[in-house]
Amino acid sequence: MQNFHYYKPVSMTELWATISEISGSPVFLSGGTDLFPEMKLGKRSLDHVVDVKGISELEFASSEENQAIRIGANMTLSNLLEKDLFPPSMVFLKQAISSIGSLQIRNRATLIGNICRASPASDSVPPLICLGAKVKIEDGRNGRYLEVEDFLKGPGQTQLEEKEMVTEVMIPNPSGKSTGSFIKADRVSKDLAIVNVAVFIKLDSDGTTCSDAKIVLGAVGPTAVRVKAGEHLLIGKTISNLPSDEAADLAVKSCRPISDVRATADYRKALVHVLTRRAINNAAKDLYLH
Amino acid sequence: MLTHCIHLIVNETKYEVEVESKEFLSDVLRDKLHLTGTKESCGMGDCGACTVIMDGVTVTSCLILAVEADGKEIVTVEGIAPGNGELHSIQKKFSEFGAIQCGFCTPGMIMSAKALLDRNQTPSEAEIKDAIGGNLCRCTGYIKIIRAIAGAAEDLKQQERS
């Protein structure tokens, strides 16, 4: 394996000064749990690796009362899970994060890294899309926010240009009574998803009708798949009688799975139906009973 | 920079090592510090054979550049025995319960067990399984490993009482 330049700036100012002096494409490193396997497999060649772990300004996870949750690039998944950060309506995101990798991986990996890896099977992405999460992209001069759904372009592809970095994930705190459900199907524990499904349902002010819904599927398309037709079907319906079966049919129609080492496309479609139906019913039950 | 002079604190001993950027911690531990207890199997962070404890948490050393570990406190399987020829309770129980067959997963398993028992003295079976979820064993079927860890927890609790 070829050697490379390694830098470790200790502030954002130093980071951008270092980046500007690099000719070529620098790679930003935090957890490295996807970067290094790719490098070892020869899928990426690295010339300049900029380790951002020394930048304390990137290590934050904050949530004010009813305000958005903001998570910095250096928050490991384990540290994130230890914080009492997620309100009840976001517990399904916490469950999804807990299902990423193994304990050893979560002790190094970061949420932003998981998003930027843009794996079609990412566990964090479907719940983040349900919640309307945004990434903050910086280049040393400007910063812009982009919805996660728009940030991801395809497998391993994002809207990041050369010398740009995601420094923050911002997750709006859902208002009103709402909840989500996340279900992941895998072969063994600590595995990549065969299929994962995240559903988010919001109740209207009288607490009987679904006022908003999101259905997002993972590992069944080049990026996470929004089942917009299924979402429209649920909106306006009574919470005690959501048409989860019909919505699940629409989910199957929306997905484009492939056959790979983990499962066949047909099996994935079957799973999409079951998991979508269950996730909708779980979320509805949660709202109905509380 | 392409090469770095780094300091690793491994099992409470300070080492000064010259490393290239591309060298991983697992290789430096084994080849430069001659601490060959840590094994490399998949090299991709999937199997857990290379698990060490760094700054108090378990990590797969095959995915950490040596230069990233500069200044960090690392514990490997060579560092957990109390000394005087005695083994750590976890090591004793692994041996007693027959939790070692080929032995290749063992150091990584023991480090995951150590990290668990350091933070949770009374783990349930589910918690033990979760703690070793990132460590694969092709030989034992895990049952004896789980029992050995539970046995070590009991042992450590009794030691604390006396």
# chains A, B, ... in the order shown; residues from 1 in each chain; ligands from 1
$ closest_atom_pairs --of "chain B" --to "chain A" --cutoff "10 Å" --atoms "only C-alpha atoms" --output "tab-separated table"
residue	atom	partner	partner_atom	distance
B:Met1	CA	A:His5	CA	4.7
B:Leu2	CA	A:His5	CA	4.7
B:Thr3	CA	A:His5	CA	8.1
B:His4	CA	A:Tyr6	CA	8.9
B:Glu20	CA	A:Asn3	CA	6.9
B:Ser21	CA	A:Tyr6	CA	5.9
B:Lys22	CA	A:Asn3	CA	5.2
B:Glu23	CA	A:Asn3	CA	8.4
B:Phe24	CA	A:Phe36	CA	9.7
B:Cys42	CA	A:Pro37	CA	9.9
B:Gly43	CA	A:Pro37	CA	7.7
B:Met44	CA	A:Pro37	CA	5.2
B:Gly45	CA	A:Ile105	CA	7.1
B:Asp46	CA	A:Ser102	CA	8.1
B:Cys47	CA	A:Ser102	CA	9.7
B:Gly48	CA	A:Gln104	CA	7.7
B:Thr51	CA	A:Gln104	CA	7.6
B:Val52	CA	A:Gln104	CA	9.2
B:Ile53	CA	A:Gln104	CA	9.4
B:Met54	CA	A:Asn107	CA	9.8
B:Val57	CA	A:Asn107	CA	6.8
B:Thr58	CA	A:Gln104	CA	5.2
B:Val59	CA	A:Gln104	CA	4.4
B:Thr60	CA	A:Gln104	CA	6.0
B:Ser61	CA	A:Gln104	CA	9.4
B:Cys62	CA	A:Phe36	CA	8.9
B:Leu63	CA	A:Phe36	CA	6.1
B:Ile64	CA	A:Gly32	CA	7.5
B:Leu65	CA	A:Phe36	CA	9.0
B:Val67	CA	A:Tyr6	CA	8.4
B:Glu68	CA	A:Asp51	CA	8.2
B:Ser112	CA	A:Gln104	CA	8.7
B:Asp130	CA	A:Leu103	CA	8.1
B:Ala131	CA	A:Leu103	CA	7.0
B:Ile132	CA	A:Leu103	CA	8.3
B:Gly133	CA	A:Ser102	CA	6.4
B:Gly134	CA	A:Ser102	CA	4.9
B:Asn135	CA	A:Ser102	CA	8.7
$ residues_around --residues "Ala152 (chain B)" --least-positions-apart "4" --cutoff "7 Å" --atoms "only C-alpha atoms" --output "list in words"
Ser89, Ile90, Lys93, Ala148 and Leu156 of chain B
$ residues_around --residues "Leu146 (chain A)" --least-positions-apart "5" --cutoff "9 Å" --atoms "only C-alpha atoms" --output "count of residues only"
6
$ residues_around --residues "Ala193 (chain A)" --least-positions-apart "6" --cutoff "8 Å" --atoms "only C-alpha atoms" --output "PyMOL selection string"
chain A and resi 121-123+184-186+218-219
$ atom_distance --atom1 "CA of Cys139 (chain B)" --atom2 "CA of Leu116 (chain B)"
22.2 Å
$ closest_atom_pairs --of "region 115-189 of chain A" --to "region 208-216 of chain A" --cutoff "8 Å" --atoms "only C-alpha atoms" --output "tab-separated table"
residue	atom	partner	partner_atom	distance
A:Pro126	CA	A:Val216	CA	5.2
A:Pro127	CA	A:Val216	CA	7.4
A:Ile129	CA	A:Val216	CA	7.3
A:Cys130	CA	A:Lys214	CA	5.4
$ residues_around --residues "Ser63 (chain A)" --least-positions-apart "5" --cutoff "10 Å" --atoms "only C-alpha atoms" --output "PyMOL selection string"
chain A and resi 68-71+84-87+170-173
$ closest_residue --among "A:Asp139, A:Ala284, A:Gln157, A:Thr76" --to "Thr18 (chain A)" --atoms "only C-alpha atoms"
A:Asp139
